[in-house]
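Step one of this worksheet: look at the structure below.
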Amino acid sequence: MWLIQDALEKGGVGALELVAMDMKARGMYVCRTLSYKGAEFEVVEAPLEDEMMEMYKKAAEFWAELRVELLSASAVLSNEKPNSQLWRLYWASHQRFFRHMCMSAKVPATVRLAKKALNEDKCVVIGLQSTGEARTEEAVTKYGLELDDFISGPRELLLKFVEENYPLPEKPEPLPGEESVKELQRKRHSATPGVSIKGRVRKVAKWKPASDGESDEESDTDSAHESTESDDEFQICDICNLEEDRKKLLQCSCCSQLFHPACLVPPVMEIVIGDWSCHSCKEKTEEYLQARHAYLTELLKRYEAAMERKTKILEIIRSLGLPNNPLDDIIDQLGGPEKVSEITGRRGMLVRAASGKGVTYQARNTKDVTMEMVNMHEKQLFMDGKKLVAIISEAGSAGVSLQADRRAINQKRRVHLTLELPWSADRAIQQFGRTHRSNQASAPEYRLLFTNLGGERRFASIVAKRLASLGALTQGDRRAGPHLNAYNYDSAYGKRALVVMYKGIMEQDSLPVVPPGCSSEKLETIQDFIVKAKAALVSVGIVRDTVLANGKDSGKLSGRIVDSDMHDVGRFLNRILGLPPDIQNRLFELFISILDLLIQNARIEGNLDSGIVDIKANVIELQGTPKTVHEDQMSGASTVLFTFTLDRGVMWESASTMLDEKQKDGLSSANDGFYESRREWLGRRHFILAFESSASGMYKIVRPAVGESIREMTLSELKNKYRKLSSLEKARSGWEDEYEVSSKQCMHGPNCKLGDYCQTGRRIQEVNVLGGIILPVWGTIEKALSKQARQSHKRLRVVRIETTADNRRIVGLLVPNAAVESVLQDLAWVQDIDD
């Protein structure tokens with residue numbers, strides 16, 4: 001069993017898909033979910049408007065300055081340990097802040113799409129996770145019940161963080177006055193052992209053993225009396241050492257020494273009442289107080305300076321132009337609470353006054369509806385068609401059904417606008433499920449809104465990754481859920497791409513692609529980008545400054561990226577969200593370019609784990625009767641070998657029609673057309689059809705033998721390898737010839753070493769797929785494939801294939817033609833042992 005588990009772990013998410021299907025086929029696993037058939041998914045890009053772009057840029061610059069300020073303030077508190085809690089809160093607030101900024105940036109697009117849906121006689125559901133900071137309600141109380149405009153959620157979040165977490169030195173106690181001096185003297189006196197208040201030195205009374213008849217009280221009284229008398233006998237002046245005029249002796253309340261008033265310099269002429277200090281003690285006390293005064297004054301200056309800096313930062317935050325709270329803003333622009341149902345966890349809302357000037361805070365419930373029932377009341381208003389827009393949050397939408405139920409009055413088609421995706425896959429499914437349930441008149445239209453900021457892909461990336469695993473386990477298909485797979489960057493290839501990018505920016509290695517906005521012919525543009533990229537990564541804490549402690553460079557600052565950050569795609573996407581849009585998008589585009597390159601190389605090498613791969617061709621036919629190659633003794637289920645014949649070619653008529661349609665639609669470019677290879681390959685020239693794709697500067701390639709190629713070409717690569725044909729007759733002749741030849745042999749010609757086993761460039765292919773029960777024989781198949789000579793034949797690949805004539809669909813393991821005999825022999829051997 002552990003061998004199978006190890007093999008499945010190597011298989012990745014694709015293996016999970018196969019396991020789910022295998023267990024379902026044997027009746028061991030049941031998972032029922034509502035199909036998304038009929039639902040429409042569309043990813044809508046909401047570019048930042050000019051005003052929002054400027055807001056975002058200033059906010060990013062402020063957070064970078066705030067980080068430097070916090071580092072400086074923390075460095076002043078040198079006696080304290082590094083405050084890791086401060087930085088955890090900083091980065092958490094940093095992420096929440098820019099997530100709110102992204103939500104606010106999508107408000108105009110959300111309102112525009114909502115109004116368009118309403119004009120098309122549909123109703124709208126807007127999904128988000130959070131309603132903004134609870135502090136906005138506190139701010140209402142602080143500013144009063146009437147405001148000029150809506151409160152900015154991002155601003156309140158930032159104010160709260162700085163107010164509660166700015167590092168301040170401890171506030172010093174008030175400076176001591178005259179009473180404190182006397183208290184200090186008393187403390188000094190009381191801390192001196194063996195000193196009497198009346199006498200200089202307490203003389204120990206002679207001890208006599210107490211008789212049996214004497215009580216403890218009598219002994220104590222006698223001892224005290226004897227001690228007092230003894231003290232009086234030895235009261236002498238510490239200057240003249242004489243006992244005369246003992247009653248006139250002055251005793252220092254600090255050092256307890258005795259002095260004649262006339263012996264002191266200068267002599268004391270007045271009558272002393274209360275505590276008295278000698279000149280020596282008085283000088284020492286004043287010296288101590290002066291030093292303490294200077295110390296406390298310095299502490300107070302430091303504290304007041306820190307408070308002044310904190311106050312200045314708070315004033316800067318209040319002066320920043322930041323967007324309004326998205327939830328209140330959307331409700332206001334769509335007609336106010338009278339037309340929008342709010343189903344959230346908020347207790348109150350900000351509402352624009354009837355005059356249009358000023359904003360007031362009011363409770364969400366009314367006298368007739370309690371706070372506990374307000375969400376259900378709002379839901380019913382939406383389902384009855386009295387309100388055609390509903391806004392739901394995670395806190396308020398649990399268990400709420402907003403679909404176009406056949407039993408409800410409002411059966412208009414739902415347009416579900418996702419303003420903010422949740423973090424987990426199950427919660428994403430829950431949010432989509434608010435408007436997509438059974439017994440509905442129509443399936444919803446989902447519009448997933450994203451800004452054009454590279455960093456925001458983080459929020460889609462984590463959900464896409466978890467949705468892929470969830471779909472693989474529950475449906476046997478990582479693509480079963482909403483279509484977010486294009487945003488799954490936190491993969492093995494994503495981590496490798498990040499390492500390559502970081503090493504290039506840190507100049508530890510060369511970048512494999514030209515950075516966006518740079519030219520390979522102008523190296524200074526690349527160097528300028530690297531300098532800006534490194535500075536940007538420093539500002540968001542990815543590149544850290546460390547002091548070199550050894551060698552001649554001791555004390556020199558050196559930037560580095562710690563190992564834990566090198567592979568952390570999530571942290572990279574989180575942090576770049578706090579960069580100005582320009583450098584943020586350039587960094588993200590560089591990351592994506594490297595990721596695409598790595599995936600393309602893996603695909604060429606045959607190492608790409610793409611889960612269940614659809615095998616497509618113009619004609620797919622099943623050859624003969626499927627062959628049972630193994631039967632499980634416990635369940636009786638069989639493993640079956642299917643053999644298919646594929647025709648992947650594109651005839652001349654189809655290719656010329658593709659080009660004509662492009663030209664008729666007005667989407668063609670000057671470089672679209674038929675091309676001939678500049679060089680011969682095994683005595684033959686090859687012909688292709690190229691036309692510009694949706695990605696600017698990239699060209700799709702269609703070949704006579706294999707149809708449309710997965711890999712696209714740049715214009716420079718296309719012109720370097722091929723030349724455009726002006727003669728359609730020459731293009732037709734070459735195209736038809738290659739189409740015919742490719743049906744009988746691979747692109748390596750008749751003398752290929754692999755012979756009939758080679759499928760590269762062959763139009764007519766034979767494909768073998770093992771279907772049925774796979775899990776019990778997984779290890780056997782893997783072992784058989786490991787014996788193959790070619791690396792691409794050793795990988796287990798899960799494929800889906802559907803015949804074109806009768807639409808029969810088979811999902812199973814692809815067995816390379818060269819490995820079929822080896823696999824069948826091993827399966828037969830296992831079957832013999834079982835029998």
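Following the order of the structure tokens, first chain is A, next is B, and so on, with residues numbered from 1 inside each chain and ligands from 1 in the order they appear.
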Margin query: For the strand (DSSP E or B) assignment from backbone DSSP, which residues of range 324-445 of chain A qualify? Please present them as a list in words.
Written below: Val340, Ser341, Glu342, Ile343, Gly348, Met349, Leu350, Val351, Arg352, Val359, Thr360, Tyr361, Gln362, Ala363, Thr366, Val369, Val389, Ala390, Ile391, Ile392, Asp405, Arg414, Val415, His416, Leu417, Thr418, Gln440 and Glu445 of chain A
Write out as a CSV table (one decimal) with all heavy atoms, in the first residue's frame which residues come within 12 Å of Gln95 in chain A when counting only C-alpha atoms, dropping same-chain ones fewer than 2 positions away.
```csv
chain,number,residue,atom,x,y,z
A,60,ALA,N,1.1,53.5,-1.8
A,60,ALA,CA,2.3,52.6,-1.8
A,60,ALA,C,3.5,53.3,-1.3
A,60,ALA,O,4.3,52.7,-0.5
A,60,ALA,CB,2.5,52.1,-3.2
A,63,TRP,N,3.3,53.7,2.6
A,63,TRP,CA,3.6,52.5,3.3
A,63,TRP,C,5.1,52.2,3.4
A,63,TRP,O,5.6,51.7,4.4
A,63,TRP,CB,2.8,51.3,2.7
A,63,TRP,CG,1.4,51.1,3.3
A,63,TRP,CD1,0.3,51.6,2.7
A,63,TRP,CD2,1.0,50.5,4.5
A,63,TRP,NE1,-0.8,51.3,3.5
A,63,TRP,CE2,-0.3,50.6,4.6
A,63,TRP,CE3,1.7,49.8,5.4
A,63,TRP,CZ2,-1.1,50.0,5.6
A,63,TRP,CZ3,1.0,49.2,6.5
A,63,TRP,CH2,-0.3,49.3,6.6
A,88,ARG,N,4.6,41.5,12.2
A,88,ARG,CA,3.5,40.6,11.8
A,88,ARG,C,2.2,41.5,11.6
A,88,ARG,O,1.5,41.3,10.6
A,88,ARG,CB,3.2,39.5,12.9
A,88,ARG,CG,4.2,38.4,12.8
A,88,ARG,CD,3.7,37.2,13.5
A,88,ARG,NE,3.6,37.5,15.0
A,88,ARG,CZ,4.6,37.2,15.8
A,88,ARG,NH1,5.7,36.7,15.4
A,88,ARG,NH2,4.5,37.4,17.1
A,89,LEU,N,2.0,42.4,12.5
A,89,LEU,CA,0.8,43.3,12.4
A,89,LEU,C,1.0,44.2,11.2
A,89,LEU,O,0.0,44.5,10.5
A,89,LEU,CB,0.6,44.1,13.7
A,89,LEU,CG,0.1,43.3,14.9
A,89,LEU,CD1,0.2,44.1,16.1
A,89,LEU,CD2,-1.3,42.7,14.7
A,90,TYR,N,2.2,44.7,11.0
A,90,TYR,CA,2.4,45.6,9.8
A,90,TYR,C,2.1,44.9,8.5
A,90,TYR,O,1.3,45.5,7.7
A,90,TYR,CB,3.9,46.0,9.8
A,90,TYR,CG,4.3,46.8,8.6
A,90,TYR,CD1,4.1,48.2,8.6
A,90,TYR,CD2,4.9,46.2,7.5
A,90,TYR,CE1,4.5,49.0,7.5
A,90,TYR,CE2,5.2,47.0,6.4
A,90,TYR,CZ,5.0,48.4,6.4
A,90,TYR,OH,5.4,49.1,5.3
A,91,TRP,N,2.6,43.7,8.3
A,91,TRP,CA,2.4,43.1,7.0
A,91,TRP,C,0.9,42.6,6.9
A,91,TRP,O,0.4,42.6,5.7
A,91,TRP,CB,3.3,41.9,6.8
A,91,TRP,CG,4.8,42.4,6.6
A,91,TRP,CD1,5.8,42.1,7.4
A,91,TRP,CD2,5.3,43.2,5.6
A,91,TRP,NE1,7.0,42.7,7.0
A,91,TRP,CE2,6.7,43.4,5.8
A,91,TRP,CE3,4.7,43.8,4.5
A,91,TRP,CZ2,7.5,44.2,5.0
A,91,TRP,CZ3,5.5,44.6,3.6
A,91,TRP,CH2,6.9,44.8,3.9
A,92,ALA,N,0.3,42.2,8.0
A,92,ALA,CA,-1.1,41.9,7.9
A,92,ALA,C,-2.0,43.1,7.5
A,92,ALA,O,-2.9,43.0,6.7
A,92,ALA,CB,-1.6,41.3,9.2
A,93,SER,N,-1.7,44.2,8.2
A,93,SER,CA,-2.4,45.4,7.9
A,93,SER,C,-2.1,45.9,6.4
A,93,SER,O,-3.0,46.4,5.7
A,93,SER,CB,-2.1,46.5,8.9
A,93,SER,OG,-2.4,46.1,10.2
A,97,PHE,N,-5.0,46.4,3.8
A,97,PHE,CA,-5.2,47.8,3.2
A,97,PHE,C,-5.2,47.7,1.7
A,97,PHE,O,-6.1,48.3,1.1
A,97,PHE,CB,-4.0,48.6,3.7
A,97,PHE,CG,-4.0,50.0,3.1
A,97,PHE,CD1,-4.6,51.1,3.8
A,97,PHE,CD2,-3.3,50.3,1.9
A,97,PHE,CE1,-4.6,52.4,3.2
A,97,PHE,CE2,-3.3,51.6,1.4
A,97,PHE,CZ,-4.0,52.6,2.0
A,98,PHE,N,-4.3,47.1,1.1
A,98,PHE,CA,-4.3,47.1,-0.4
A,98,PHE,C,-5.3,46.2,-1.0
A,98,PHE,O,-5.8,46.4,-2.1
A,98,PHE,CB,-2.9,46.7,-0.9
A,98,PHE,CG,-1.9,47.8,-0.7
A,98,PHE,CD1,-0.9,47.8,0.3
A,98,PHE,CD2,-1.9,48.9,-1.6
A,98,PHE,CE1,0.0,48.8,0.4
A,98,PHE,CE2,-1.0,50.0,-1.4
A,98,PHE,CZ,-0.1,49.9,-0.4
A,99,ARG,N,-5.8,45.2,-0.2
A,99,ARG,CA,-7.0,44.5,-0.6
A,99,ARG,C,-8.2,45.4,-0.7
A,99,ARG,O,-9.0,45.3,-1.6
A,99,ARG,CB,-7.2,43.3,0.3
A,99,ARG,CG,-8.3,42.3,-0.3
A,99,ARG,CD,-8.3,41.0,0.4
A,99,ARG,NE,-9.2,40.1,-0.2
A,99,ARG,CZ,-9.4,38.8,0.1
A,99,ARG,NH1,-8.7,38.3,1.1
A,99,ARG,NH2,-10.2,38.1,-0.5
A,100,HIS,N,-8.3,46.2,0.3
A,100,HIS,CA,-9.4,47.2,0.3
A,100,HIS,C,-9.3,48.2,-0.8
A,100,HIS,O,-10.3,48.6,-1.4
A,100,HIS,CB,-9.5,48.0,1.7
A,100,HIS,CG,-10.1,47.2,2.8
A,100,HIS,ND1,-11.3,46.7,2.7
A,100,HIS,CD2,-9.6,46.9,4.0
A,100,HIS,CE1,-11.6,46.1,3.8
A,100,HIS,NE2,-10.6,46.2,4.7
A,101,MET,N,-8.0,48.6,-1.1
A,101,MET,CA,-7.8,49.5,-2.2
A,101,MET,C,-8.2,48.9,-3.6
A,101,MET,O,-8.8,49.5,-4.4
A,101,MET,CB,-6.3,49.9,-2.3
A,101,MET,CG,-5.8,50.8,-1.1
A,101,MET,SD,-6.5,52.4,-1.2
A,101,MET,CE,-5.5,53.1,-2.6
A,102,CYS,N,-7.9,47.6,-3.7
A,102,CYS,CA,-8.3,46.9,-4.9
A,102,CYS,C,-9.8,46.8,-5.0
A,102,CYS,O,-10.4,47.0,-6.1
A,102,CYS,CB,-7.7,45.4,-4.9
A,102,CYS,SG,-5.9,45.4,-5.2
A,154,PRO,N,-9.9,52.1,4.1
A,154,PRO,CA,-8.5,52.0,4.1
A,154,PRO,C,-7.8,53.0,5.1
A,154,PRO,O,-6.9,52.7,5.8
A,154,PRO,CB,-8.1,52.3,2.7
A,154,PRO,CG,-9.3,51.9,1.9
A,154,PRO,CD,-10.5,52.2,2.7
A,157,LEU,N,-8.3,51.9,8.7
A,157,LEU,CA,-7.4,50.7,9.0
A,157,LEU,C,-6.0,51.2,9.3
A,157,LEU,O,-5.4,50.7,10.2
A,157,LEU,CB,-7.5,49.8,7.8
A,157,LEU,CG,-6.8,48.4,7.9
A,157,LEU,CD1,-7.4,47.4,7.0
A,157,LEU,CD2,-5.3,48.5,7.5
A,158,LEU,N,-5.6,52.1,8.5
A,158,LEU,CA,-4.2,52.7,8.6
A,158,LEU,C,-4.1,53.4,9.9
A,158,LEU,O,-3.1,53.3,10.6
A,158,LEU,CB,-3.9,53.5,7.4
A,158,LEU,CG,-2.4,53.9,7.2
A,158,LEU,CD1,-1.5,52.8,7.3
A,158,LEU,CD2,-2.3,54.6,5.8
A,455,GLY,N,-0.3,42.2,-8.4
A,455,GLY,CA,-0.4,41.7,-7.1
A,455,GLY,C,-1.7,41.1,-6.7
A,455,GLY,O,-1.8,40.2,-5.9
A,456,GLU,N,-2.8,41.6,-7.3
A,456,GLU,CA,-4.1,41.1,-6.9
A,456,GLU,C,-4.4,39.7,-7.4
A,456,GLU,O,-5.3,39.0,-6.9
A,456,GLU,CB,-5.2,42.0,-7.5
A,456,GLU,CG,-6.5,41.9,-6.7
A,456,GLU,CD,-7.8,42.3,-7.5
A,456,GLU,OE1,-7.6,42.7,-8.7
A,456,GLU,OE2,-8.9,42.2,-7.0
A,458,ARG,N,-2.8,37.4,-6.5
A,458,ARG,CA,-2.6,36.6,-5.3
A,458,ARG,C,-3.9,36.0,-4.8
A,458,ARG,O,-4.0,34.8,-4.5
A,458,ARG,CB,-1.9,37.4,-4.3
A,458,ARG,CG,-2.1,36.9,-2.8
A,458,ARG,CD,-1.4,35.6,-2.7
A,458,ARG,NE,-1.3,35.2,-1.2
A,458,ARG,CZ,-1.1,34.0,-0.8
A,458,ARG,NH1,-0.9,33.0,-1.7
A,458,ARG,NH2,-1.0,33.7,0.4
A,459,PHE,N,-4.9,36.8,-4.7
A,459,PHE,CA,-6.2,36.4,-4.2
A,459,PHE,C,-6.9,35.3,-5.0
A,459,PHE,O,-7.6,34.5,-4.5
A,459,PHE,CB,-7.1,37.6,-4.0
A,459,PHE,CG,-6.5,38.7,-3.2
A,459,PHE,CD1,-6.3,40.0,-3.7
A,459,PHE,CD2,-6.0,38.5,-1.9
A,459,PHE,CE1,-5.7,41.0,-3.0
A,459,PHE,CE2,-5.3,39.5,-1.2
A,459,PHE,CZ,-5.2,40.7,-1.7
A,540,VAL,N,9.5,46.6,0.1
A,540,VAL,CA,8.5,45.7,0.6
A,540,VAL,C,9.0,44.6,1.4
A,540,VAL,O,8.3,43.6,1.7
A,540,VAL,CB,7.6,45.2,-0.5
A,540,VAL,CG1,6.7,46.3,-1.1
A,540,VAL,CG2,8.4,44.4,-1.6
A,570,GLY,N,3.3,33.1,-2.7
A,570,GLY,CA,2.3,33.8,-2.0
A,570,GLY,C,2.8,35.1,-1.4
A,570,GLY,O,2.2,36.2,-1.5
A,571,ARG,N,3.9,35.0,-0.8
A,571,ARG,CA,4.5,36.3,-0.2
A,571,ARG,C,4.9,37.3,-1.2
A,571,ARG,O,4.7,38.5,-1.1
A,571,ARG,CB,5.7,35.9,0.7
A,571,ARG,CG,6.5,37.1,1.3
A,571,ARG,CD,7.4,36.7,2.4
A,571,ARG,NE,6.6,36.3,3.5
A,571,ARG,CZ,7.2,35.9,4.7
A,571,ARG,NH1,8.5,35.9,4.8
A,571,ARG,NH2,6.5,35.5,5.7
A,572,PHE,N,5.4,36.8,-2.4
A,572,PHE,CA,5.8,37.7,-3.5
A,572,PHE,C,4.6,38.4,-3.9
A,572,PHE,O,4.6,39.7,-4.1
A,572,PHE,CB,6.4,36.9,-4.6
A,572,PHE,CG,6.5,37.6,-5.9
A,572,PHE,CD1,7.4,38.7,-6.1
A,572,PHE,CD2,5.7,37.2,-7.0
A,572,PHE,CE1,7.4,39.4,-7.3
A,572,PHE,CE2,5.8,37.9,-8.2
A,572,PHE,CZ,6.6,39.0,-8.3
A,573,LEU,N,3.5,37.7,-4.2
A,573,LEU,CA,2.3,38.4,-4.7
A,573,LEU,C,1.7,39.3,-3.6
A,573,LEU,O,1.1,40.4,-3.9
A,573,LEU,CB,1.3,37.3,-5.1
A,573,LEU,CG,1.7,36.5,-6.4
A,573,LEU,CD1,0.6,35.4,-6.6
A,573,LEU,CD2,1.9,37.4,-7.6
A,574,ASN,N,1.8,38.9,-2.4
A,574,ASN,CA,1.3,39.8,-1.3
A,574,ASN,C,2.0,41.1,-1.2
A,574,ASN,O,1.4,42.2,-1.1
A,574,ASN,CB,1.4,39.0,0.1
A,574,ASN,CG,0.3,38.1,0.3
A,574,ASN,OD1,-0.7,38.1,-0.3
A,574,ASN,ND2,0.5,37.2,1.3
A,575,ARG,N,3.4,41.0,-1.3
A,575,ARG,CA,4.2,42.1,-1.0
A,575,ARG,C,4.2,43.1,-2.2
A,575,ARG,O,4.1,44.3,-2.0
A,575,ARG,CB,5.6,41.7,-0.7
A,575,ARG,CG,5.8,40.9,0.6
A,575,ARG,CD,5.5,41.7,1.8
A,575,ARG,NE,5.6,41.0,3.0
A,575,ARG,CZ,6.7,40.6,3.7
A,575,ARG,NH1,7.9,41.0,3.2
A,575,ARG,NH2,6.7,39.9,4.8
A,576,ILE,N,4.2,42.6,-3.4
A,576,ILE,CA,4.2,43.5,-4.6
A,576,ILE,C,2.9,44.3,-4.7
A,576,ILE,O,2.9,45.3,-5.4
A,576,ILE,CB,4.5,42.8,-5.9
A,576,ILE,CG1,3.4,41.9,-6.4
A,576,ILE,CG2,5.8,42.1,-5.8
A,576,ILE,CD1,3.6,41.4,-7.8
A,577,LEU,N,1.9,43.8,-4.0
A,577,LEU,CA,0.6,44.6,-4.0
A,577,LEU,C,0.8,46.0,-3.4
A,577,LEU,O,0.1,46.9,-3.7
A,577,LEU,CB,-0.4,43.8,-3.2
A,577,LEU,CG,-1.9,44.2,-3.4
A,577,LEU,CD1,-2.3,44.0,-4.9
A,577,LEU,CD2,-2.8,43.4,-2.5
A,578,GLY,N,1.8,46.1,-2.6
A,578,GLY,CA,2.1,47.4,-2.0
A,578,GLY,C,3.1,48.3,-2.7
A,578,GLY,O,3.7,49.2,-2.2
A,579,LEU,N,3.3,47.9,-4.0
A,579,LEU,CA,4.2,48.7,-4.9
A,579,LEU,C,3.4,49.6,-5.8
A,579,LEU,O,2.2,49.3,-6.1
A,579,LEU,CB,5.1,47.8,-5.7
A,579,LEU,CG,6.1,47.0,-5.0
A,579,LEU,CD1,6.8,46.0,-5.9
A,579,LEU,CD2,7.2,47.9,-4.3
```
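Between CA of Asn585 in chain A and CA of Pro516 in chain A there is a distance of 9.1 Å.
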Check: By how many Å are CA of Val613 in chain A and CA of Leu813 in chain A apart?
Finding: 10.2 Å
Applying 8 Å and only C-alpha atoms, which residues near range 741-753 of chain A remain after dropping the ones on its own chain fewer than 4 positions away? List them as a short mmCIF file (atom, residue, chain, number, x, y, z; two decimals) with all heavy atoms, in the first residue's frame.
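Output (part01.cif):
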```
data_model
loop_
_atom_site.label_atom_id
_atom_site.label_comp_id
_atom_site.auth_asym_id
_atom_site.auth_seq_id
_atom_site.Cartn_x
_atom_site.Cartn_y
_atom_site.Cartn_z
N LEU A 682 15.55 17.13 -43.66
CA LEU A 682 15.62 15.81 -44.29
C LEU A 682 15.15 15.88 -45.75
O LEU A 682 14.37 15.04 -46.23
CB LEU A 682 14.78 14.79 -43.52
CG LEU A 682 15.23 14.53 -42.07
CD1 LEU A 682 14.24 13.61 -41.37
CD2 LEU A 682 16.63 13.91 -42.06
N ALA A 705 0.08 18.69 -40.80
CA ALA A 705 0.06 17.36 -40.21
C ALA A 705 -0.58 17.29 -38.84
O ALA A 705 -1.27 16.33 -38.51
CB ALA A 705 1.49 16.82 -40.14
N ASP A 737 0.98 18.30 -50.24
CA ASP A 737 2.02 17.26 -50.28
C ASP A 737 2.41 16.83 -48.87
O ASP A 737 2.52 15.63 -48.57
CB ASP A 737 3.24 17.80 -51.03
CG ASP A 737 4.36 16.77 -51.09
OD1 ASP A 737 4.13 15.67 -51.63
OD2 ASP A 737 5.45 17.07 -50.57
N CYS A 758 7.39 5.93 -33.60
CA CYS A 758 7.55 7.38 -33.55
C CYS A 758 6.29 8.07 -34.07
O CYS A 758 5.83 7.78 -35.18
CB CYS A 758 8.76 7.82 -34.36
SG CYS A 758 9.08 9.60 -34.24
N GLN A 759 5.72 8.96 -33.28
CA GLN A 759 4.49 9.66 -33.64
C GLN A 759 4.72 11.15 -33.91
O GLN A 759 3.77 11.88 -34.21
CB GLN A 759 3.47 9.53 -32.50
CG GLN A 759 3.13 8.09 -32.13
CD GLN A 759 2.31 7.40 -33.21
OE1 GLN A 759 1.38 7.99 -33.75
NE2 GLN A 759 2.64 6.16 -33.51
N THR A 760 5.99 11.60 -33.81
CA THR A 760 6.29 13.02 -33.96
C THR A 760 5.99 13.50 -35.38
O THR A 760 6.57 13.01 -36.35
CB THR A 760 7.77 13.30 -33.63
OG1 THR A 760 8.07 12.78 -32.34
CG2 THR A 760 8.06 14.79 -33.65
N GLY A 761 5.05 14.45 -35.47
CA GLY A 761 4.72 15.02 -36.77
C GLY A 761 3.89 14.11 -37.65
O GLY A 761 3.64 14.45 -38.82
N ARG A 762 3.41 13.00 -37.15
CA ARG A 762 2.60 12.09 -37.95
C ARG A 762 1.13 12.50 -37.87
O ARG A 762 0.61 12.73 -36.78
CB ARG A 762 2.79 10.66 -37.49
CG ARG A 762 1.93 9.66 -38.24
CD ARG A 762 2.25 8.23 -37.86
NE ARG A 762 3.51 7.80 -38.44
CZ ARG A 762 3.92 6.52 -38.43
NH1 ARG A 762 3.17 5.59 -37.87
NH2 ARG A 762 5.07 6.19 -38.97
N ARG A 763 0.49 12.55 -39.03
CA ARG A 763 -0.92 12.97 -39.05
C ARG A 763 -1.83 11.88 -38.51
O ARG A 763 -2.72 12.15 -37.71
CB ARG A 763 -1.32 13.34 -40.48
CG ARG A 763 -2.78 13.74 -40.62
CD ARG A 763 -3.03 14.40 -41.95
NE ARG A 763 -2.81 13.53 -43.09
CZ ARG A 763 -3.73 12.68 -43.59
NH1 ARG A 763 -4.93 12.62 -43.03
NH2 ARG A 763 -3.46 11.94 -44.64
N ILE A 764 -1.64 10.65 -38.95
CA ILE A 764 -2.44 9.53 -38.48
C ILE A 764 -1.72 8.87 -37.31
O ILE A 764 -0.58 8.40 -37.47
CB ILE A 764 -2.68 8.49 -39.60
CG1 ILE A 764 -3.29 9.16 -40.84
CG2 ILE A 764 -3.57 7.37 -39.09
CD1 ILE A 764 -4.66 9.75 -40.60
#
```
Spatial neighbours of Glu54 in chain A, max dist 12 Å, only C-alpha atoms, sep filter under 4 positions, as a compact mmCIF listing (two decimals) with N, CA and C atoms, in the first residue's frame:
```
# COMPACT_ATOMS: atom_id res chain seq x y z
N LEU A 48 -7.50 50.41 -13.29
CA LEU A 48 -7.55 51.53 -12.36
C LEU A 48 -7.74 52.83 -13.13
N GLU A 49 -8.69 53.62 -12.69
CA GLU A 49 -8.87 54.93 -13.31
C GLU A 49 -7.75 55.86 -12.86
N ASP A 50 -7.60 57.00 -13.56
CA ASP A 50 -6.46 57.89 -13.31
C ASP A 50 -6.41 58.36 -11.86
N LYS A 58 0.40 56.95 -4.28
CA LYS A 58 0.75 57.68 -3.05
C LYS A 58 0.64 56.78 -1.83
N ALA A 59 -0.37 55.89 -1.82
CA ALA A 59 -0.53 54.97 -0.69
C ALA A 59 0.65 54.02 -0.61
N ALA A 60 1.11 53.51 -1.77
CA ALA A 60 2.26 52.60 -1.78
C ALA A 60 3.51 53.30 -1.29
N GLU A 61 3.71 54.54 -1.72
CA GLU A 61 4.88 55.30 -1.27
C GLU A 61 4.80 55.57 0.24
N MET A 101 -8.04 48.58 -1.12
CA MET A 101 -7.79 49.49 -2.23
C MET A 101 -8.22 48.85 -3.56
N ALA A 105 -11.09 50.08 -6.11
CA ALA A 105 -10.79 50.34 -7.52
C ALA A 105 -11.81 49.68 -8.44
N LEU A 320 -4.24 62.05 3.43
CA LEU A 320 -4.11 61.24 2.22
C LEU A 320 -5.46 61.13 1.50
N GLY A 321 -5.42 61.22 0.19
CA GLY A 321 -6.63 60.99 -0.58
C GLY A 321 -6.85 59.51 -0.76
N LEU A 322 -7.78 58.94 -0.01
CA LEU A 322 -8.04 57.50 -0.07
C LEU A 322 -9.52 57.27 -0.39
N PRO A 323 -9.84 56.13 -1.02
CA PRO A 323 -11.22 55.90 -1.47
C PRO A 323 -12.18 55.64 -0.33
N PRO A 580 3.96 50.73 -6.27
CA PRO A 580 3.25 51.55 -7.26
C PRO A 580 2.89 50.71 -8.47
N PRO A 581 1.75 50.99 -9.12
CA PRO A 581 1.25 50.13 -10.19
C PRO A 581 2.26 49.84 -11.30
N ASP A 582 3.07 50.82 -11.67
CA ASP A 582 3.98 50.63 -12.81
C ASP A 582 4.99 49.52 -12.54
```
Margin query: List the spatial neighbours of range 328-336 of chain A as a ChimeraX atom specification - criterion: any atom at most 7 Å away, only C-alpha atoms, same-chain residues fewer than 4 positions off excluded.
Written below: /A:107,111,324,340,350
